[in-house]
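Dropping final_0.cif in here (mmCIF, C-alpha atoms):
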data_data
loop_
_atom_site.group_PDB
_atom_site.id
_atom_site.type_symbol
_atom_site.label_atom_id
_atom_site.label_comp_id
_atom_site.auth_asym_id
_atom_site.auth_seq_id
_atom_site.Cartn_x
_atom_site.Cartn_y
_atom_site.Cartn_z
ATOM 1 C CA MET X 1045 -25.966 20.415 48.213
ATOM 2 C CA LYS X 1046 -27.177 23.208 45.911
ATOM 3 C CA LYS X 1047 -23.565 24.028 44.956
ATOM 4 C CA ILE X 1048 -22.865 20.402 44.048
ATOM 5 C CA LEU X 1049 -26.067 20.120 42.009
ATOM 6 C CA CYS X 1050 -25.404 23.424 40.196
ATOM 7 C CA GLY X 1051 -21.831 22.330 39.481
ATOM 8 C CA ALA X 1052 -23.018 18.992 38.093
ATOM 9 C CA VAL X 1053 -25.637 20.685 35.874
ATOM 10 C CA ALA X 1054 -23.080 23.213 34.589
ATOM 11 C CA THR X 1055 -20.567 20.438 33.824
ATOM 12 C CA ALA X 1056 -23.210 18.401 31.986
ATOM 13 C CA PHE X 1057 -24.184 21.474 29.942
ATOM 14 C CA ILE X 1058 -20.579 22.186 28.963
ATOM 15 C CA ILE X 1059 -19.901 18.552 27.997
ATOM 16 C CA GLY X 1060 -23.144 18.375 26.028
ATOM 17 C CA SER X 1061 -22.403 21.659 24.257
ATOM 18 C CA THR X 1062 -18.898 20.539 23.334
ATOM 19 C CA ALA X 1063 -20.183 17.240 21.949
ATOM 20 C CA ALA X 1064 -22.738 19.069 19.804
ATOM 21 C CA PHE X 1065 -19.960 21.045 18.139
ATOM 22 C CA ALA X 1066 -17.648 18.054 17.619
ATOM 23 C CA GLN X 1067 -18.936 17.327 14.122
ATOM 24 C CA THR X 1068 -17.317 14.952 11.688
ATOM 25 C CA PRO X 1069 -16.566 16.747 8.434
ATOM 26 C CA SER X 1070 -18.024 15.321 5.235
ATOM 27 C CA VAL X 1071 -15.753 14.838 2.232
ATOM 28 C CA TYR X 1072 -17.018 14.989 -1.359
ATOM 29 C CA TYR X 1073 -14.888 13.909 -4.326
ATOM 30 C CA ASN X 1074 -16.222 15.047 -7.710
ATOM 31 C CA GLY X 1075 -19.727 15.187 -6.223
ATOM 32 C CA GLU X 1076 -19.580 11.774 -4.504
ATOM 33 C CA LYS X 1077 -19.698 11.663 -0.712
ATOM 34 C CA LEU X 1078 -16.817 9.562 0.511
ATOM 35 C CA GLU X 1079 -17.260 7.004 3.252
ATOM 36 C CA PHE X 1080 -14.265 6.157 5.429
ATOM 37 C CA ASP X 1081 -13.825 3.203 7.747
ATOM 38 C CA VAL X 1082 -12.483 5.693 10.313
ATOM 39 C CA ASP X 1083 -14.012 9.170 10.515
ATOM 40 C CA PRO X 1084 -12.089 12.235 9.333
ATOM 41 C CA TYR X 1085 -11.593 14.937 11.961
ATOM 42 C CA ILE X 1086 -10.479 18.538 12.335
ATOM 43 C CA SER X 1087 -7.181 19.199 14.111
ATOM 44 C CA GLU X 1088 -5.499 22.600 14.289
ATOM 45 C CA GLU X 1089 -7.964 23.849 11.651
ATOM 46 C CA ARG X 1090 -6.946 21.095 9.228
ATOM 47 C CA THR X 1091 -9.144 18.242 8.014
ATOM 48 C CA MET X 1092 -7.350 14.962 8.620
ATOM 49 C CA VAL X 1093 -8.327 11.807 6.693
ATOM 50 C CA PRO X 1094 -7.117 8.196 6.581
ATOM 51 C CA PHE X 1095 -4.338 8.255 3.991
ATOM 52 C CA ARG X 1096 -5.014 5.084 2.008
ATOM 53 C CA ALA X 1097 -8.677 5.849 1.260
ATOM 54 C CA ILE X 1098 -8.064 9.374 -0.025
ATOM 55 C CA PHE X 1099 -4.987 8.519 -2.113
ATOM 56 C CA GLU X 1100 -6.679 5.508 -3.684
ATOM 57 C CA LYS X 1101 -9.750 7.603 -4.503
ATOM 58 C CA ALA X 1102 -7.406 9.941 -6.394
ATOM 59 C CA ASP X 1103 -6.068 6.907 -8.343
ATOM 60 C CA ALA X 1104 -2.672 7.073 -6.680
ATOM 61 C CA THR X 1105 -0.549 4.053 -5.844
ATOM 62 C CA VAL X 1106 -0.066 3.954 -2.075
ATOM 63 C CA MET X 1107 2.833 2.587 -0.066
ATOM 64 C CA TRP X 1108 3.563 2.530 3.662
ATOM 65 C CA ASP X 1109 7.152 2.366 4.915
ATOM 66 C CA SER X 1110 6.626 1.069 8.449
ATOM 67 C CA GLU X 1111 10.305 1.272 9.395
ATOM 68 C CA ASN X 1112 10.375 5.040 8.765
ATOM 69 C CA GLU X 1113 6.631 5.649 9.389
ATOM 70 C CA THR X 1114 6.344 7.229 5.956
ATOM 71 C CA VAL X 1115 3.412 7.462 3.547
ATOM 72 C CA ILE X 1116 4.271 7.437 -0.162
ATOM 73 C CA ALA X 1117 1.767 8.050 -2.948
ATOM 74 C CA VAL X 1118 2.439 8.159 -6.674
ATOM 75 C CA LYS X 1119 -0.146 9.314 -9.192
ATOM 76 C CA ASP X 1120 0.284 8.620 -12.892
ATOM 77 C CA ASN X 1121 -0.691 11.786 -14.767
ATOM 78 C CA GLY X 1122 -0.996 10.230 -18.201
ATOM 79 C CA ASP X 1123 1.304 12.018 -20.634
ATOM 80 C CA GLU X 1124 2.828 14.168 -17.891
ATOM 81 C CA GLU X 1125 5.396 13.093 -15.310
ATOM 82 C CA ALA X 1126 3.933 11.172 -12.360
ATOM 83 C CA THR X 1127 3.391 13.071 -9.108
ATOM 84 C CA SER X 1128 4.851 11.674 -5.891
ATOM 85 C CA VAL X 1129 3.885 12.751 -2.384
ATOM 86 C CA VAL X 1130 5.874 11.676 0.679
ATOM 87 C CA LEU X 1131 4.865 12.409 4.283
ATOM 88 C CA GLN X 1132 6.536 11.140 7.421
ATOM 89 C CA ILE X 1133 4.562 10.776 10.640
ATOM 90 C CA GLY X 1134 5.197 13.576 13.112
ATOM 91 C CA THR X 1135 7.124 15.904 10.824
ATOM 92 C CA THR X 1136 5.914 18.956 8.941
ATOM 93 C CA ALA X 1137 8.424 18.400 6.136
ATOM 94 C CA ALA X 1138 6.707 16.766 3.153
ATOM 95 C CA PHE X 1139 7.908 16.176 -0.379
ATOM 96 C CA VAL X 1140 6.105 16.624 -3.690
ATOM 97 C CA ASN X 1141 8.260 15.344 -6.563
ATOM 98 C CA ASP X 1142 11.360 15.684 -4.363
ATOM 99 C CA GLN X 1143 10.570 19.335 -3.544
ATOM 100 C CA MET X 1144 10.298 19.922 0.218
ATOM 101 C CA ILE X 1145 7.191 21.684 1.459
ATOM 102 C CA THR X 1146 6.532 22.665 5.071
ATOM 103 C CA LEU X 1147 3.079 21.643 6.294
ATOM 104 C CA ASP X 1148 0.895 23.431 8.837
ATOM 105 C CA LYS X 1149 -0.045 20.044 10.301
ATOM 106 C CA ALA X 1150 2.016 16.837 10.246
ATOM 107 C CA ALA X 1151 0.628 13.424 9.364
ATOM 108 C CA GLU X 1152 -0.186 11.472 12.514
ATOM 109 C CA ILE X 1153 -1.231 8.088 13.799
ATOM 110 C CA VAL X 1154 -4.492 8.000 15.751
ATOM 111 C CA GLU X 1155 -5.931 4.722 17.027
ATOM 112 C CA GLU X 1156 -3.461 2.761 14.882
ATOM 113 C CA ARG X 1157 -4.492 4.596 11.694
ATOM 114 C CA THR X 1158 -2.422 7.054 9.664
ATOM 115 C CA PHE X 1159 -4.105 10.399 8.984
ATOM 116 C CA VAL X 1160 -2.892 13.045 6.541
ATOM 117 C CA PRO X 1161 -3.893 16.693 5.983
ATOM 118 C CA LEU X 1162 -6.523 16.488 3.241
ATOM 119 C CA ARG X 1163 -6.009 19.848 1.508
ATOM 120 C CA PHE X 1164 -2.267 19.392 1.146
ATOM 121 C CA VAL X 1165 -2.375 15.884 -0.299
ATOM 122 C CA MET X 1166 -5.217 16.557 -2.725
ATOM 123 C CA GLU X 1167 -3.769 19.845 -3.994
ATOM 124 C CA ALA X 1168 -0.375 18.139 -4.371
ATOM 125 C CA LEU X 1169 -2.082 15.594 -6.635
ATOM 126 C CA GLY X 1170 -3.635 18.373 -8.727
ATOM 127 C CA SER X 1171 -7.148 18.602 -7.274
ATOM 128 C CA LYS X 1172 -9.022 21.723 -6.213
ATOM 129 C CA VAL X 1173 -10.112 21.727 -2.563
ATOM 130 C CA GLU X 1174 -12.778 23.947 -0.996
ATOM 131 C CA TRP X 1175 -14.268 24.160 2.502
ATOM 132 C CA ASP X 1176 -18.014 24.754 2.943
ATOM 133 C CA GLN X 1177 -18.572 25.956 6.507
ATOM 134 C CA ASP X 1178 -22.374 25.841 6.162
ATOM 135 C CA THR X 1179 -22.381 22.093 5.495
ATOM 136 C CA TYR X 1180 -19.114 21.357 7.346
ATOM 137 C CA SER X 1181 -17.818 19.735 4.170
ATOM 138 C CA VAL X 1182 -14.711 19.495 2.057
ATOM 139 C CA ILE X 1183 -15.382 19.586 -1.686
ATOM 140 C CA ILE X 1184 -12.669 18.118 -3.919
ATOM 141 C CA THR X 1185 -12.740 18.449 -7.705
ATOM 142 C CA GLU X 1186 -10.305 17.406 -10.402
#
So that I can check it, write out the structure of this file as C-alpha coordinates.
Amino acid sequence: MKKILCGAVATAFIIGSTAAFAQTPSVYYNGEKLEFDVDPYISEERTMVPFRAIFEKADATVMWDSENETVIAVKDNGDEEATSVVLQIGTTAAFVNDQMITLDKAAEIVEERTFVPLRFVMEALGSKVEWDQDTYSVIITE
(Lines of atoms letter the chains of each structure in order from A and count residues from 1; the text may use other names and numbers.)
(Lines give C-alpha, C1' and ligand atoms only; values in the text may rest on other atoms or scores of the structure.)
Protein backbone atom coordinates (compact mmCIF):
# COMPACT_ATOMS: atom_id res chain seq x y z
CA MET A 1 0.00 0.00 0.00
CA LYS A 2 2.87 2.37 0.84
CA LYS A 3 4.41 1.78 -2.61
CA ILE A 4 1.12 2.62 -4.34
CA LEU A 5 0.63 5.76 -2.25
CA CYS A 6 4.23 6.91 -2.82
CA GLY A 7 3.86 6.26 -6.55
CA ALA A 8 0.62 8.25 -6.69
CA VAL A 9 2.17 11.18 -4.77
CA ALA A 10 5.25 11.17 -7.03
CA THR A 11 3.07 11.10 -10.17
CA ALA A 12 0.93 13.97 -8.88
CA PHE A 13 4.07 16.00 -8.10
CA ILE A 14 5.51 15.44 -11.58
CA ILE A 15 2.22 16.34 -13.31
CA GLY A 16 1.81 19.42 -11.13
CA SER A 17 5.40 20.51 -11.76
CA THR A 18 5.02 20.08 -15.51
CA ALA A 19 1.80 22.10 -15.55
CA ALA A 20 3.48 24.92 -13.64
CA PHE A 21 6.12 25.22 -16.35
CA ALA A 22 3.66 25.02 -19.27
CA GLN A 23 3.27 28.79 -19.54
CA THR A 24 1.59 30.57 -22.40
CA PRO A 25 3.95 33.13 -23.89
CA SER A 26 2.80 36.74 -24.05
CA VAL A 27 3.15 38.65 -27.31
CA TYR A 28 3.63 42.43 -27.45
CA TYR A 29 3.37 44.41 -30.70
CA ASN A 30 4.77 47.94 -30.49
CA GLY A 31 4.10 47.93 -26.74
CA GLU A 32 0.54 46.56 -26.96
CA LYS A 33 -0.15 43.13 -25.48
CA LEU A 34 -1.91 41.04 -28.09
CA GLU A 35 -4.89 38.89 -27.22
CA PHE A 36 -5.54 35.79 -29.31
CA ASP A 37 -8.70 33.71 -29.48
CA VAL A 38 -6.43 30.65 -29.23
CA ASP A 39 -3.33 30.80 -27.04
CA PRO A 40 0.16 30.90 -28.57
CA TYR A 41 2.48 28.09 -27.48
CA ILE A 42 6.12 27.05 -27.60
CA SER A 43 7.04 24.08 -29.80
CA GLU A 44 10.60 23.01 -30.54
CA GLU A 45 11.81 26.29 -29.01
CA ARG A 46 9.66 28.33 -31.40
CA THR A 47 6.70 30.51 -30.46
CA MET A 48 3.70 29.51 -32.55
CA VAL A 49 0.76 31.89 -33.04
CA PRO A 50 -2.55 31.80 -34.93
CA PHE A 51 -1.64 33.09 -38.39
CA ARG A 52 -4.55 35.41 -39.17
CA ALA A 53 -4.29 37.47 -35.97
CA ILE A 54 -0.56 38.14 -36.25
CA PHE A 55 -0.58 38.92 -39.99
CA GLU A 56 -3.55 41.25 -39.66
CA LYS A 57 -1.90 43.04 -36.74
CA ALA A 58 1.05 43.69 -39.07
CA ASP A 59 -1.39 45.19 -41.63
CA ALA A 60 -0.92 42.32 -44.07
CA THR A 61 -3.63 40.96 -46.32
CA VAL A 62 -4.22 37.32 -45.39
CA MET A 63 -5.37 34.45 -47.57
CA TRP A 64 -5.87 30.74 -46.87
CA ASP A 65 -5.62 28.21 -49.70
CA SER A 66 -7.50 25.27 -48.20
CA GLU A 67 -6.84 22.95 -51.14
CA ASN A 68 -3.06 23.22 -50.64
CA GLU A 69 -3.18 24.06 -46.89
CA THR A 70 -1.17 27.20 -47.56
CA VAL A 71 -1.07 30.54 -45.74
CA ILE A 72 -0.39 33.61 -47.89
CA ALA A 73 0.21 37.09 -46.51
CA VAL A 74 0.99 40.25 -48.47
CA LYS A 75 2.06 43.48 -46.80
CA ASP A 76 2.01 46.76 -48.70
CA ASN A 77 5.22 48.62 -47.84
CA GLY A 78 4.17 52.01 -49.15
CA ASP A 79 6.65 53.21 -51.75
CA GLU A 80 8.59 49.94 -51.67
CA GLU A 81 7.58 46.65 -53.28
CA ALA A 82 5.02 44.66 -51.27
CA THR A 83 6.30 41.74 -49.19
CA SER A 84 4.69 38.32 -49.62
CA VAL A 85 5.06 35.40 -47.24
CA VAL A 86 3.88 31.89 -48.14
CA LEU A 87 3.89 28.92 -45.75
CA GLN A 88 2.45 25.49 -46.38
CA ILE A 89 1.29 23.33 -43.48
CA GLY A 90 3.75 20.60 -42.56
CA THR A 91 6.68 21.78 -44.66
CA THR A 92 9.74 23.75 -43.61
CA ALA A 93 10.04 25.39 -47.03
CA ALA A 94 8.61 28.91 -46.92
CA PHE A 95 8.76 31.73 -49.42
CA VAL A 96 9.40 35.44 -48.91
CA ASN A 97 8.94 37.34 -52.19
CA ASP A 98 9.45 34.08 -54.12
CA GLN A 99 12.75 33.36 -52.33
CA MET A 100 12.72 29.97 -50.58
CA ILE A 101 13.74 29.91 -46.94
CA THR A 102 14.04 26.78 -44.81
CA LEU A 103 12.29 27.08 -41.45
CA ASP A 104 13.29 25.46 -38.16
CA LYS A 105 9.61 24.74 -37.48
CA ALA A 106 6.84 24.22 -40.05
CA ALA A 107 3.41 25.83 -39.83
CA GLU A 108 0.90 23.40 -38.35
CA ILE A 109 -2.76 22.89 -37.64
CA VAL A 110 -3.68 22.37 -33.99
CA GLU A 111 -7.30 22.01 -32.90
CA GLU A 112 -8.49 23.16 -36.34
CA ARG A 113 -6.39 26.35 -36.19
CA THR A 114 -3.35 27.22 -38.29
CA PHE A 115 -0.26 28.25 -36.32
CA VAL A 116 2.88 29.82 -37.76
CA PRO A 117 6.36 30.45 -36.29
CA LEU A 118 6.13 34.01 -34.95
CA ARG A 119 9.76 35.14 -35.35
CA PHE A 120 9.98 34.05 -38.97
CA VAL A 121 6.76 35.69 -40.14
CA MET A 122 7.31 38.97 -38.31
CA GLU A 123 10.95 39.32 -39.40
CA ALA A 124 9.90 38.48 -42.97
CA LEU A 125 7.48 41.41 -42.79
CA GLY A 126 10.25 43.73 -41.57
CA SER A 127 9.67 43.74 -37.80
CA LYS A 128 12.24 43.26 -35.06
CA VAL A 129 11.52 40.34 -32.73
CA GLU A 130 13.01 39.77 -29.27
CA TRP A 131 12.44 37.12 -26.59
CA ASP A 132 12.34 38.13 -22.91
CA GLN A 133 12.88 34.99 -20.85
CA ASP A 134 12.19 36.79 -17.55
CA THR A 135 8.64 37.69 -18.58
CA TYR A 136 8.18 34.78 -21.01
CA SER A 137 7.29 37.31 -23.70
CA VAL A 138 7.89 38.06 -27.34
CA ILE A 139 8.43 41.75 -28.09
CA ILE A 140 7.78 42.85 -31.67
CA THR A 141 8.66 46.33 -32.93
CA GLU A 142 8.45 47.93 -36.34
Return as a ChimeraX atom specification the set of residues that the PyMOL selection byres ((chain X and resi 1113-1130) around 7) yields on the displayed structure.
/X:1099,1103-1112,1131-1133,1138-1141,1169
For region 1170-1184 of chain X, work out the shell of residues within 10 Å, counting only C-alpha atoms and skipping chain neighbours fewer than 5 positions away, then give it as a list in words.
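The filter keeps Gln1067, Thr1068, Pro1069, Ser1070, Val1071, Tyr1072, Tyr1073, Asn1074, Gly1075, Glu1076, Lys1077, Thr1091, Ala1102, Lys1119, Asn1121, Thr1127, Leu1162, Arg1163, Phe1164 and Val1165 of chain X.
We find CA of Gly1134 (chain X) and CA of Thr1185 (chain X) to be spaced 27.9 Å apart.
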Evaluate the PyMOL selection byres ((chain X and resi 1146) around 6) against this structure - the residues, as JSON, numbers by chain, please.
{"X": [1136, 1137, 1145, 1147]}
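For the set X:Thr1135, X:Met1144, X:Met1166, X:Ala1097, the residue with the smallest atom-to-atom gap to Asp1083 (chain X) is X:Ala1097, counting all atoms listed in the file.
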Output the residue selection produced by the PyMOL selection byres ((chain X and resi 1159) around 8) on the file above, formatted as a list in words.
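Applying the PyMOL selection byres ((chain X and resi 1159) around 8) to the structure shown produces Met1092, Val1093, Pro1094, Phe1095, Ala1151, Glu1152, Ile1153, Val1154, Arg1157, Thr1158, Val1160 and Pro1161 of chain X.
What separates CA of Tyr1085 (chain X) from CA of Ala1168 (chain X) is a distance of 20.1 Å.
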Centre and edge lengths of an axis-aligned box around all listed atoms of region 1086-1099 of chain X, with 5 Å added on each side, are to be given in Å to one decimal, as JSON.
{"center_x": -7.4, "center_y": 14.5, "center_z": 6.1, "size_x": 16.1, "size_y": 28.8, "size_z": 26.4}
Go through X:Ile1086, X:Glu1155, X:Gln1143, X:Phe1080 and flag the residue nearest Ile1098 (chain X), using all atoms listed in the file for the distances.
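Smallest separation from Ile1098 (chain X) among the options: X:Phe1080.
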